[in-house]
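Trainee: Next comes the structure file final_8.txt, holding compact mmCIF, C-alpha atoms and all ligand atoms.
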```
# COMPACT_ATOMS: atom_id res chain seq x y z
CA MET A 1 0.00 0.00 0.00
CA SER A 2 1.18 3.48 -0.78
CA LEU A 3 -1.74 5.39 0.69
CA ASP A 4 0.32 8.06 2.44
CA THR A 5 3.27 8.35 0.08
CA TYR A 6 1.44 8.76 -3.22
CA HIS A 7 2.21 11.56 -5.65
CA ILE A 8 -0.27 13.54 -7.73
CA ILE A 9 0.60 14.12 -11.37
CA GLU A 10 -1.69 17.03 -12.11
CA SER A 11 -2.49 17.01 -15.81
CA THR A 12 -4.87 19.98 -16.18
CA LEU A 13 -2.25 21.55 -18.44
CA ARG A 14 -2.07 18.41 -20.64
CA GLU A 15 -5.08 16.08 -20.38
CA GLY A 16 -7.15 19.10 -19.27
CA GLU A 17 -6.14 21.00 -22.38
CA GLN A 18 -7.78 18.17 -24.34
CA PHE A 19 -11.17 19.14 -22.80
CA ILE A 20 -13.55 20.53 -25.39
CA GLY A 21 -13.84 23.93 -23.63
CA ALA A 22 -10.14 24.44 -22.91
CA GLN A 23 -8.15 27.02 -24.83
CA PHE A 24 -5.60 28.18 -22.31
CA SER A 25 -3.62 31.33 -23.06
CA SER A 26 -0.01 31.55 -21.88
CA GLU A 27 -1.20 33.67 -18.98
CA ASP A 28 -3.90 31.13 -18.10
CA LYS A 29 -1.31 28.35 -17.99
CA ILE A 30 0.95 30.35 -15.70
CA ARG A 31 -1.97 31.11 -13.36
CA ILE A 32 -3.05 27.47 -13.28
CA ALA A 33 0.54 26.34 -12.70
CA HIS A 34 0.94 28.71 -9.74
CA ALA A 35 -2.45 27.72 -8.30
CA LEU A 36 -1.68 24.00 -8.54
CA ASP A 37 1.73 24.58 -7.03
CA ALA A 38 0.17 26.52 -4.15
CA PHE A 39 -2.25 23.62 -3.63
CA GLY A 40 0.79 21.38 -3.31
CA VAL A 41 0.61 18.81 -6.11
CA GLU A 42 3.96 17.12 -6.67
CA TYR A 43 3.95 17.25 -10.48
CA LEU A 44 2.49 19.29 -13.33
CA GLU A 45 2.14 17.54 -16.67
CA LEU A 46 2.09 19.82 -19.72
CA THR A 47 1.18 19.36 -23.35
CA SER A 48 3.84 18.11 -25.74
CA PRO A 49 6.11 20.83 -27.15
CA LEU A 50 5.33 19.39 -30.58
CA ALA A 51 1.67 20.36 -30.35
CA SER A 52 2.28 23.95 -31.50
CA PRO A 53 4.88 26.72 -31.28
CA GLY A 54 2.86 28.26 -28.43
CA SER A 55 2.90 24.95 -26.55
CA LEU A 56 6.69 24.83 -26.83
CA ASN A 57 7.06 28.37 -25.50
CA ASP A 58 4.58 27.87 -22.68
CA LEU A 59 6.31 24.67 -21.64
CA LYS A 60 9.63 26.48 -21.38
CA THR A 61 7.97 29.30 -19.44
CA VAL A 62 6.26 27.04 -16.91
CA ALA A 63 9.38 24.86 -16.53
CA GLY A 64 11.28 28.06 -15.71
CA LEU A 65 8.87 29.41 -13.09
CA GLY A 66 10.83 27.86 -10.23
CA LEU A 67 7.81 26.02 -8.83
CA ASN A 68 8.02 23.43 -6.08
CA ALA A 69 6.11 21.04 -8.32
CA ARG A 70 8.19 19.15 -10.84
CA THR A 71 7.29 19.76 -14.48
CA LEU A 72 6.68 16.94 -16.93
CA THR A 73 5.78 16.88 -20.57
CA HIS A 74 3.88 14.20 -22.40
CA ILE A 75 5.36 12.88 -25.63
CA ARG A 76 5.00 10.10 -28.16
CA CYS A 77 7.63 7.38 -28.19
CA HIS A 78 9.76 9.16 -30.81
CA ARG A 79 13.33 10.28 -30.58
CA ASP A 80 12.51 13.61 -32.27
CA ASP A 81 9.77 14.36 -29.76
CA ALA A 82 12.16 13.53 -26.93
CA ALA A 83 14.93 15.71 -28.37
CA LEU A 84 12.65 18.75 -28.50
CA ALA A 85 11.24 18.06 -25.03
CA LEU A 86 14.71 17.70 -23.50
CA ASP A 87 15.50 21.19 -24.70
CA THR A 88 12.70 22.83 -22.72
CA GLY A 89 14.06 22.52 -19.18
CA VAL A 90 11.35 20.19 -17.87
CA ASP A 91 12.12 17.83 -14.99
CA GLY A 92 10.66 14.77 -16.65
CA LEU A 93 9.31 13.10 -19.77
CA ASP A 94 6.14 11.03 -19.88
CA VAL A 95 6.54 8.76 -22.90
CA VAL A 96 3.45 6.96 -24.19
CA ILE A 97 2.65 4.43 -26.91
CA GLY A 98 -0.58 2.57 -27.70
CA THR A 99 -0.53 -1.17 -27.06
CA SER A 100 -4.14 -2.25 -27.69
CA SER A 101 -4.92 -3.96 -30.98
CA GLN A 102 -7.21 -1.02 -31.84
CA LEU A 103 -4.41 1.52 -31.45
CA ARG A 104 -1.76 -0.70 -32.99
CA GLN A 105 -3.90 -1.21 -36.06
CA PHE A 106 -5.46 2.23 -36.50
CA SER A 107 -3.01 4.60 -34.79
CA HIS A 108 0.69 3.80 -35.19
CA GLY A 109 0.57 0.41 -37.02
CA ARG A 110 3.31 -1.33 -35.00
CA SER A 111 3.49 -4.89 -33.69
CA ILE A 112 4.32 -5.62 -30.03
CA ASP A 113 7.89 -6.58 -30.96
CA GLU A 114 8.29 -3.33 -32.85
CA ILE A 115 6.92 -1.41 -29.84
CA ILE A 116 9.47 -3.10 -27.57
CA ASP A 117 12.33 -2.28 -29.95
CA LEU A 118 11.22 1.32 -30.40
CA ALA A 119 10.73 1.83 -26.66
CA ALA A 120 14.19 0.47 -25.96
CA GLU A 121 15.79 2.69 -28.57
CA VAL A 122 14.01 5.88 -27.47
CA LEU A 123 14.21 5.35 -23.72
CA VAL A 124 17.88 4.35 -23.68
CA TRP A 125 18.67 7.31 -25.91
CA ILE A 126 16.81 9.72 -23.58
CA ARG A 127 18.62 8.35 -20.54
CA ALA A 128 21.97 8.77 -22.27
CA GLN A 129 21.19 12.40 -23.07
CA ALA A 130 19.78 13.23 -19.68
CA PRO A 131 20.98 10.99 -16.85
CA ASP A 132 18.99 12.93 -14.24
CA ILE A 133 15.69 13.45 -16.02
CA GLU A 134 12.64 11.69 -14.61
CA LEU A 135 11.52 9.19 -17.20
CA ARG A 136 8.20 7.43 -17.47
CA PHE A 137 7.03 4.89 -20.01
CA SER A 138 3.32 4.21 -20.38
CA SER A 139 1.20 1.96 -22.50
CA GLU A 140 -1.93 3.60 -23.86
CA ASP A 141 -5.26 1.78 -23.71
CA SER A 142 -3.73 -0.69 -21.27
CA PHE A 143 -6.98 -2.43 -20.39
CA ARG A 144 -7.87 -3.31 -23.98
CA SER A 145 -4.36 -4.61 -24.58
CA GLU A 146 -3.76 -8.34 -24.53
CA GLU A 147 -2.43 -8.94 -21.01
CA ARG A 148 0.38 -11.28 -22.00
CA GLU A 149 1.63 -8.86 -24.64
CA LEU A 150 1.25 -5.87 -22.37
CA LEU A 151 3.33 -7.53 -19.67
CA ARG A 152 5.94 -8.44 -22.25
CA VAL A 153 6.27 -4.72 -23.07
CA TYR A 154 6.44 -3.62 -19.42
CA LEU A 155 8.97 -6.30 -18.47
CA ALA A 156 11.19 -5.48 -21.40
CA VAL A 157 11.10 -1.78 -20.57
CA ASP A 158 11.67 -2.33 -16.85
CA LYS A 159 14.64 -4.54 -17.63
CA LEU A 160 16.33 -1.71 -19.51
CA GLY A 161 16.84 -0.08 -16.12
CA VAL A 162 16.39 3.43 -17.49
CA VAL A 163 12.82 4.38 -16.53
CA ASP A 164 11.68 5.66 -13.15
CA ARG A 165 8.02 4.90 -13.69
CA LEU A 166 5.75 2.61 -15.63
CA GLY A 167 2.38 4.07 -16.52
CA ILE A 168 -0.96 2.34 -16.92
CA ALA A 169 -3.72 4.17 -18.79
CA ASP A 170 -7.41 3.35 -18.85
CA THR A 171 -7.75 5.44 -21.98
CA VAL A 172 -11.42 4.75 -22.70
CA GLY A 173 -12.61 4.46 -19.09
CA ILE A 174 -13.66 0.82 -19.09
CA ALA A 175 -11.56 -0.72 -16.32
CA THR A 176 -13.19 -2.06 -13.18
CA PRO A 177 -11.52 -1.81 -9.77
CA MET A 178 -10.78 -5.55 -9.81
CA GLN A 179 -9.06 -5.32 -13.17
CA VAL A 180 -7.03 -2.37 -11.89
CA GLU A 181 -6.07 -4.28 -8.76
CA ARG A 182 -4.94 -7.22 -10.85
CA LEU A 183 -2.83 -5.28 -13.34
CA VAL A 184 -1.20 -2.96 -10.81
CA SER A 185 -0.35 -5.72 -8.36
CA THR A 186 1.04 -7.88 -11.17
CA LEU A 187 3.30 -5.02 -12.26
CA ARG A 188 4.24 -4.36 -8.66
CA ARG A 189 5.29 -7.98 -8.31
CA LEU A 190 7.17 -8.31 -11.58
CA THR A 191 8.83 -4.92 -11.99
CA THR A 192 10.88 -2.54 -9.88
CA ALA A 193 9.84 0.87 -11.20
CA ASP A 194 7.23 3.17 -9.63
CA ILE A 195 3.73 2.83 -11.06
CA GLU A 196 1.58 5.64 -12.40
CA PHE A 197 -2.15 5.29 -13.05
CA HIS A 198 -4.22 7.39 -15.45
CA CYS A 199 -7.93 6.72 -15.58
CA HIS A 200 -10.73 8.08 -17.73
CA ASN A 201 -14.22 8.45 -16.35
CA ASP A 202 -16.46 7.24 -19.19
CA SER A 203 -18.18 4.70 -16.97
CA GLY A 204 -17.89 6.65 -13.72
CA CYS A 205 -15.11 4.59 -12.08
CA ALA A 206 -12.16 7.00 -12.30
CA VAL A 207 -11.89 7.83 -8.59
CA ALA A 208 -12.55 4.27 -7.43
CA ASN A 209 -10.01 2.95 -9.90
CA ALA A 210 -7.38 5.51 -8.90
CA PHE A 211 -7.85 4.59 -5.28
CA THR A 212 -7.71 0.87 -6.03
CA ALA A 213 -4.50 1.44 -7.98
CA LEU A 214 -2.95 2.98 -4.87
CA GLU A 215 -4.15 0.12 -2.70
CA ALA A 216 -2.55 -2.30 -5.15
CA GLY A 217 0.79 -0.52 -5.03
CA ALA A 218 0.68 2.38 -7.51
CA THR A 219 2.75 5.39 -6.48
CA HIS A 220 1.52 8.17 -8.80
CA ILE A 221 -2.04 9.17 -9.72
CA ASP A 222 -3.01 11.42 -12.62
CA THR A 223 -5.71 14.03 -11.99
CA THR A 224 -7.10 17.20 -13.50
CA VAL A 225 -9.02 20.04 -11.89
CA LEU A 226 -12.73 19.13 -12.05
CA GLY A 227 -11.68 16.06 -14.03
CA ILE A 228 -11.51 17.89 -17.36
CA GLY A 229 -10.00 16.02 -20.29
CA GLU A 230 -10.88 14.15 -23.47
CA ARG A 231 -14.62 13.34 -23.56
CA ASN A 232 -15.85 13.48 -19.93
CA GLY A 233 -12.32 13.50 -18.57
CA ILE A 234 -10.28 11.71 -15.90
CA THR A 235 -10.00 11.41 -12.11
CA PRO A 236 -10.90 14.84 -10.67
CA LEU A 237 -8.37 16.31 -8.25
CA GLY A 238 -11.11 17.32 -5.76
CA ALA A 239 -12.89 13.96 -5.76
CA PHE A 240 -9.57 12.17 -5.39
CA MET A 241 -8.78 14.41 -2.40
CA ALA A 242 -12.19 13.61 -0.90
CA ARG A 243 -11.37 9.91 -1.23
CA MET A 244 -7.94 10.29 0.37
CA MET A 245 -9.31 12.48 3.18
CA THR A 246 -11.69 9.74 4.24
CA VAL A 247 -8.78 7.30 4.47
CA ASP A 248 -6.12 9.40 6.18
CA ARG A 249 -7.22 12.95 6.94
CA ALA A 250 -3.99 13.93 8.69
CA ALA A 251 -1.79 12.73 5.82
CA ALA A 252 -3.85 14.55 3.17
CA ARG A 253 -3.94 17.76 5.23
CA ALA A 254 -0.20 17.61 5.73
CA LYS A 255 0.45 17.14 1.99
CA TYR A 256 -1.97 19.63 0.42
CA ARG A 257 -3.44 23.10 1.05
CA LEU A 258 -7.01 21.95 0.87
CA GLU A 259 -8.58 25.39 1.35
CA GLN A 260 -7.13 26.24 -2.07
CA LEU A 261 -9.31 23.65 -3.79
CA ARG A 262 -12.37 25.82 -4.31
CA PRO A 263 -10.49 28.87 -5.67
CA LEU A 264 -8.53 26.51 -7.94
CA GLU A 265 -11.71 24.93 -9.29
CA LEU A 266 -13.39 28.30 -9.76
CA LEU A 267 -10.35 29.56 -11.67
CA VAL A 268 -10.30 26.61 -14.07
CA ALA A 269 -14.11 26.43 -14.39
CA GLU A 270 -14.22 30.04 -15.51
CA MET A 271 -11.36 29.57 -17.98
CA VAL A 272 -13.03 26.59 -19.65
CA GLY A 273 -16.57 27.97 -19.43
CA ILE A 274 -18.25 25.48 -17.12
CA ASP A 275 -20.07 25.55 -13.78
CA ILE A 276 -19.03 23.46 -10.82
CA PRO A 277 -21.58 20.60 -10.78
CA PHE A 278 -24.04 20.65 -7.83
CA ASN A 279 -22.88 17.20 -6.74
CA ASN A 280 -19.17 17.80 -7.13
CA CYS A 281 -17.26 16.24 -4.25
CA ILE A 282 -16.40 18.85 -1.58
CA THR A 283 -17.21 21.99 -3.60
CA GLY A 284 -20.57 21.21 -5.21
CA PHE A 285 -23.20 23.56 -3.79
CA SER A 286 -25.05 20.76 -1.98
CA ALA A 287 -21.94 18.91 -0.76
CA PHE A 288 -22.35 20.11 2.83
CA THR A 289 -26.09 20.84 2.98
CA HIS A 290 -28.39 18.87 5.27
CA LYS A 291 -32.13 18.77 4.90
CA ALA A 292 -34.13 16.06 6.69
CA GLY A 293 -35.00 16.91 10.30
CA ILE A 294 -33.44 13.68 11.56
CA HIS A 295 -30.16 14.52 9.84
CA ALA A 296 -30.22 18.14 10.96
CA LYS A 297 -30.74 17.15 14.60
CA ALA A 298 -27.76 14.77 14.54
CA ILE A 299 -25.58 17.25 12.68
CA LEU A 300 -26.33 19.90 15.31
CA ASN A 301 -25.25 17.47 18.02
CA ALA A 302 -22.18 16.11 16.23
CA PRO A 303 -21.45 16.92 12.56
CA GLU A 304 -19.59 13.66 11.97
CA THR A 305 -22.89 11.77 12.29
CA TYR A 306 -23.74 12.59 8.68
CA GLU A 307 -20.50 14.04 7.33
CA ALA A 308 -17.57 11.89 6.21
CA LEU A 309 -15.68 15.09 5.43
CA ASN A 310 -15.43 18.25 7.51
CA PRO A 311 -16.17 21.36 5.43
CA THR A 312 -13.85 23.46 7.58
CA ASP A 313 -10.90 21.39 6.32
CA PHE A 314 -11.56 22.98 2.94
CA GLY A 315 -12.35 26.47 4.22
CA LEU A 316 -16.07 25.81 3.66
CA THR A 317 -19.17 25.80 5.87
CA ARG A 318 -22.11 23.45 6.21
CA TYR A 319 -25.69 24.55 5.65
CA LEU A 320 -28.83 23.27 7.37
CA SER A 321 -31.92 23.70 5.25
CA ILE A 322 -35.06 24.18 7.38
CA ALA A 323 -37.74 25.74 5.15
CA HIS A 324 -39.52 22.58 3.96
CA ARG A 325 -41.86 19.79 5.03
CA LEU A 326 -39.03 17.45 6.09
CA THR A 327 -37.79 19.92 8.69
CA GLY A 328 -37.55 19.10 12.40
CA TRP A 329 -37.95 21.13 15.55
CA ASN A 330 -34.31 20.86 16.63
CA ALA A 331 -33.17 22.56 13.43
CA VAL A 332 -35.87 25.22 13.76
CA LYS A 333 -34.80 25.81 17.35
CA ALA A 334 -31.19 26.24 16.27
CA ARG A 335 -32.32 28.84 13.74
CA ALA A 336 -34.29 30.71 16.44
CA GLU A 337 -31.17 30.77 18.60
CA GLN A 338 -29.12 32.03 15.65
CA LEU A 339 -31.61 34.90 15.31
CA GLY A 340 -31.44 35.61 19.05
CA LEU A 341 -35.14 34.81 19.58
CA ILE A 342 -36.47 33.38 22.82
CA LEU A 343 -39.04 30.64 22.31
CA ALA A 344 -40.00 27.72 24.56
CA ASP A 345 -39.58 24.18 23.20
CA ASP A 346 -43.39 23.73 23.07
CA GLN A 347 -43.67 26.82 20.95
CA ILE A 348 -40.89 25.66 18.66
CA LYS A 349 -42.62 22.31 18.23
CA ALA A 350 -45.96 23.92 17.40
CA LEU A 351 -44.31 26.37 15.09
CA THR A 352 -42.52 23.52 13.31
CA HIS A 353 -45.88 21.85 12.66
CA HIS A 354 -47.08 25.11 11.23
CA ILE A 355 -44.05 25.30 8.91
CA LYS A 356 -44.61 21.71 7.73
CA ALA A 357 -48.27 22.40 6.97
CA LEU A 358 -47.38 25.56 5.10
CA ALA A 359 -44.69 23.74 3.14
CA ASP A 360 -47.31 21.22 1.99
CA GLU A 361 -49.14 24.15 0.37
CA LYS A 362 -46.26 26.07 -1.21
CA SER A 363 -42.51 26.21 -1.37
CA LEU A 364 -40.95 28.21 1.43
CA ALA A 365 -37.76 30.25 1.72
CA LEU A 366 -35.64 30.77 4.81
CA ASP A 367 -37.07 34.31 4.99
CA ASP A 368 -40.57 32.84 5.42
CA VAL A 369 -39.38 30.71 8.33
CA ASP A 370 -37.56 33.66 9.87
CA GLU A 371 -40.69 35.77 9.62
CA ILE A 372 -42.75 33.09 11.37
CA LEU A 373 -40.10 32.80 14.09
CA HIS A 374 -40.16 36.56 14.66
CA LEU A 375 -43.98 36.67 14.77
CA TRP A 376 -44.17 33.84 17.32
CA ALA A 377 -41.38 35.30 19.41
CA ASN A 378 -43.34 38.54 19.54
CA GLY A 379 -46.49 36.75 20.68
CA HIS A 380 -48.31 36.65 17.32
CA GLU A 381 -48.75 32.91 17.08
CA ILE A 382 -50.47 31.63 13.97
CA HIS A 383 -51.50 28.02 13.89
CA ALA A 384 -51.92 25.94 10.81
CA SER A 385 -55.57 25.23 10.06
C1 LIG B 401 -3.60 10.77 -24.73
C2 LIG B 401 -3.85 9.45 -24.11
C3 LIG B 401 -3.72 9.38 -22.63
C4 LIG B 401 -2.32 9.11 -22.15
C5 LIG B 401 -2.18 8.80 -20.71
C6 LIG B 401 -0.77 8.73 -20.18
C7 LIG B 401 -4.64 8.18 -22.23
O1 LIG B 401 -4.49 11.61 -24.73
O2 LIG B 401 -2.51 10.96 -25.25
O3 LIG B 401 0.17 8.91 -20.93
O4 LIG B 401 -0.63 8.51 -18.97
O5 LIG B 401 -5.68 8.39 -21.62
O6 LIG B 401 -4.28 7.07 -22.62
O7 LIG B 401 -4.23 10.53 -21.99
CU CU B 402 -5.99 10.36 -20.96
```
Could you render the structure as structure tokens?

Mentor:
Amino acid sequence: MSLDTYHIIESTLREGEQFIGAQFSSEDKIRIAHALDAFGVEYLELTSPLASPGSLNDLKTVAGLGLNARTLTHIRCHRDDAALALDTGVDGLDVVIGTSSQLRQFSHGRSIDEIIDLAAEVLVWIRAQAPDIELRFSSEDSFRSEERELLRVYLAVDKLGVVDRLGIADTVGIATPMQVERLVSTLRRLTTADIEFHCHNDSGCAVANAFTALEAGATHIDTTVLGIGERNGITPLGAFMARMMTVDRAAARAKYRLEQLRPLELLVAEMVGIDIPFNNCITGFSAFTHKAGIHAKAILNAPETYEALNPTDFGLTRYLSIAHRLTGWNAVKARAEQLGLILADDQIKALTHHIKALADEKSLALDDVDEILHLWANGHEIHAS
């Protein structure tokens, strides 16, 4: 298990740039890089310098910012790509090549033996040029690759002794946690390099799969802010943090500045023209709201009764909703106390019945409840008919 020593490879500036709404300017990239660095991620992955002249320049700029986070760029398994990338000042290269039959046939047209030969040539060459650079080799579409062939590639690459990390990519988001467990633990057993896991969210398993990868021995997890990426994206940074906080709160708090999460998400959301979803982990608008009277009562007594995460860890607050038919008198009483109103418990209970009856007739706002509380506190009791 590597649940407290994992590293985040934050790919908003690479995978995230592949999101339909992303068109980051140089200034945007610098702002995102600083914000991610302030949050505390260990790595930033940036688009290949071959993508465009602007990408090359921006890569050099971000690599030269002097961030705490290490900078990586993502390149094809080509010597020319590597040569250009080595010239940019990045701390590491993430080399990738497709290994599934789909990608071998329709993307680069190489056999498994040819992939092994090419990987050896490119990786050994990179290591000779740059003895200190961090070097990762990843298969693409790992879970639709034939397992025996995939392992042949990983073992051959590991044996070269030149890569720091082997990457696994669930490129089309089809892996199940059990498949992830199996592949990661097999690699862990058979190879010596660190293991990186990159997971798309097409079938909604990205966070679970990332977590399972860590449990099985992975050391590095790829994320993007709000999960942006190709199609519906990859493991979201915030949801991954939520997952890790429920496992080891102290470790996650020590590693990352969690109160920076919301500003970071707002920054990226605005740049790519999206809203933060209502059910987003941690920062969605209903993430720390409580409604049913039974929940509200317990939350007032001890928030951990119905909260796995503490909003204050993220610089956020919880909200108790009381203006509806599911409300309870304890929550209404707490609101009266918040307003500084003196009401006996019997009054609060009667008043709560009144609110419930009213809420059956029409939708209420907090203002309506406050008005009722004020009226009753001033002796103008109105009972539901
Ligand atoms: C891509 C594919 C990739 C690579 C992942 C990785 C994927 O867009 O180039 O290199 O870790 O999902 O397979 O993002
Ligand atoms: Cu991807």

Trainee: Ranking A:Ala344, A:Met245, A:Leu84, A:Ile234 by minimum distance to ligand CU 402 (chain B) and counting all atoms listed in the file, which one comes first?

Mentor: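 Among the listed residues, the smallest separation from ligand CU 402 (chain B) belongs to A:Ile234.
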
Trainee: How many Å lie between atom CA of A:Asp37 and atom CA of A:Ala169, rounded to one decimal?

Mentor: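 The value is 24.2 Å.
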
Trainee: For stretch 19-28 of chain A, work out the shell of residues within 6 Å, counting all atoms listed in the file and skipping chain neighbours fewer than 5 positions away, then give it as a list in words.

Mentor: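 Here the qualifying residues turn out to be Asp58, Ile228, Gly229, Glu230 and Val272 of chain A.
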
Trainee: Just the number, please: distance in Å from atom CA of A:Trp376 to atom CA of A:Trp329, one decimal.

Mentor: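 Atom CA of A:Trp376 sits 14.3 Å away from atom CA of A:Trp329.
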
Trainee: Can you tell me which residues surround stretch 116-132 of chain A at a distance of at most 12 Å, considering only C-alpha atoms, apart from same-chain residues fewer than 2 positions away, and format the answer as a PyMOL selection string?

Mentor: chain A and resi 75-87+89-99+108+110-114+134-139+149-165

Trainee: Leaving out A:Met244 and any residue of its chain fewer than 6 positions from it, which residues lie within 9 Å of it when counting all atoms listed in the file, given as JSON, numbers by chain?

Mentor: {"A": [3, 4, 211, 251, 252]}

Trainee: Please provide as a PDB file with C-alpha atoms, in the frame of the given file all residues within 8 Å of stretch 307-324 of chain A, with the sequence filter that same-chain residues fewer than 4 positions apart are discarded (counting all atoms listed in the file).

Mentor:
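Output (selection12.pdb):
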```
ATOM      1  CA  ALA A 242     -12.190  13.610  -0.900  1.00  0.00           C
ATOM      2  CA  MET A 245      -9.310  12.480   3.180  1.00  0.00           C
ATOM      3  CA  THR A 246     -11.690   9.740   4.240  1.00  0.00           C
ATOM      4  CA  ARG A 253      -3.940  17.760   5.230  1.00  0.00           C
ATOM      5  CA  LEU A 258      -7.010  21.950   0.870  1.00  0.00           C
ATOM      6  CA  GLU A 259      -8.580  25.390   1.350  1.00  0.00           C
ATOM      7  CA  GLN A 260      -7.130  26.240  -2.070  1.00  0.00           C
ATOM      8  CA  LEU A 261      -9.310  23.650  -3.790  1.00  0.00           C
ATOM      9  CA  ARG A 262     -12.370  25.820  -4.310  1.00  0.00           C
ATOM     10  CA  ILE A 282     -16.400  18.850  -1.580  1.00  0.00           C
ATOM     11  CA  PHE A 288     -22.350  20.110   2.830  1.00  0.00           C
ATOM     12  CA  THR A 289     -26.090  20.840   2.980  1.00  0.00           C
ATOM     13  CA  HIS A 290     -28.390  18.870   5.270  1.00  0.00           C
ATOM     14  CA  LYS A 291     -32.130  18.770   4.900  1.00  0.00           C
ATOM     15  CA  GLY A 293     -35.000  16.910  10.300  1.00  0.00           C
ATOM     16  CA  ALA A 296     -30.220  18.140  10.960  1.00  0.00           C
ATOM     17  CA  PRO A 303     -21.450  16.920  12.560  1.00  0.00           C
ATOM     18  CA  GLY A 328     -37.550  19.100  12.400  1.00  0.00           C
ATOM     19  CA  ALA A 331     -33.170  22.560  13.430  1.00  0.00           C
ATOM     20  CA  VAL A 332     -35.870  25.220  13.760  1.00  0.00           C
ATOM     21  CA  ILE A 355     -44.050  25.300   8.910  1.00  0.00           C
ATOM     22  CA  LYS A 356     -44.610  21.710   7.730  1.00  0.00           C
ATOM     23  CA  ALA A 359     -44.690  23.740   3.140  1.00  0.00           C
ATOM     24  CA  SER A 363     -42.510  26.210  -1.370  1.00  0.00           C
ATOM     25  CA  LEU A 364     -40.950  28.210   1.430  1.00  0.00           C
ATOM     26  CA  ALA A 365     -37.760  30.250   1.720  1.00  0.00           C
ATOM     27  CA  LEU A 366     -35.640  30.770   4.810  1.00  0.00           C
ATOM     28  CA  ASP A 368     -40.570  32.840   5.420  1.00  0.00           C
ATOM     29  CA  VAL A 369     -39.380  30.710   8.330  1.00  0.00           C
TER      30      VAL A 369
END
```

Trainee: Go ahead and find all residues with at least one atom no further than 6 Å from (-13.4, 4.4, -23.6) in the file's coordinates, using only C-alpha atoms; report them as a list in words.

Mentor: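 The requested residues, written out, are Thr171, Val172, Gly173 and Ile174 of chain A.
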
Trainee: Atom CA of A:Arg189 and atom CA of A:Ser203, how far apart in Å?

Mentor: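 Answer for the atom CA of A:Ser203 to atom CA of A:Arg189 separation: 28.0 Å.
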
Trainee: For A:His7, which of A:Asp170, A:Glu381, A:Asp202, A:Asp194 is the closest residue, counting only C-alpha atoms?

Mentor: A:Asp194

Trainee: Select, from A:Glu45, A:Glu140, A:Asp367, A:Glu215, the residue with the minimum atom-to-atom distance to ligand CU 402 (chain B), counting all atoms listed in the file.

Mentor: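 Distance minimum relative to ligand CU 402 (chain B) lands on A:Glu140.
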
Trainee: Determine the nearest neighbour of A:Phe240 from the options A:His374, A:Ala213, A:Val207, A:Leu50, counting only C-alpha atoms.

Mentor: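 Result for the nearest residue to A:Phe240: A:Val207.
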
Trainee: Quick one: of A:His220, A:Arg182, A:Arg31, A:Arg231, who's nearest to ligand CU 402 (chain B), counting only C-alpha atoms and all ligand atoms?

Mentor: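 Of A:His220, A:Arg182, A:Arg31, A:Arg231, the one nearest ligand CU 402 (chain B) is A:Arg231, counting only C-alpha atoms and all ligand atoms.
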
Trainee: Which residues, written as a ChimeraX atom specification, have at least one atom at most 9 Å from stretch 55-57 of chain A, with all atoms listed in the file counted and residues fewer than 3 positions away on the same chain left out?

Mentor: /A:26,46-52,60-62,84-85,88

Trainee: Hey, which of A:Arg188, A:Lys333, A:Lys29, A:Arg249 ends up closest to A:Glu17? Count all atoms listed in the file.

Mentor: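 With all atoms listed in the file as the atom set, the closest residue is A:Lys29.
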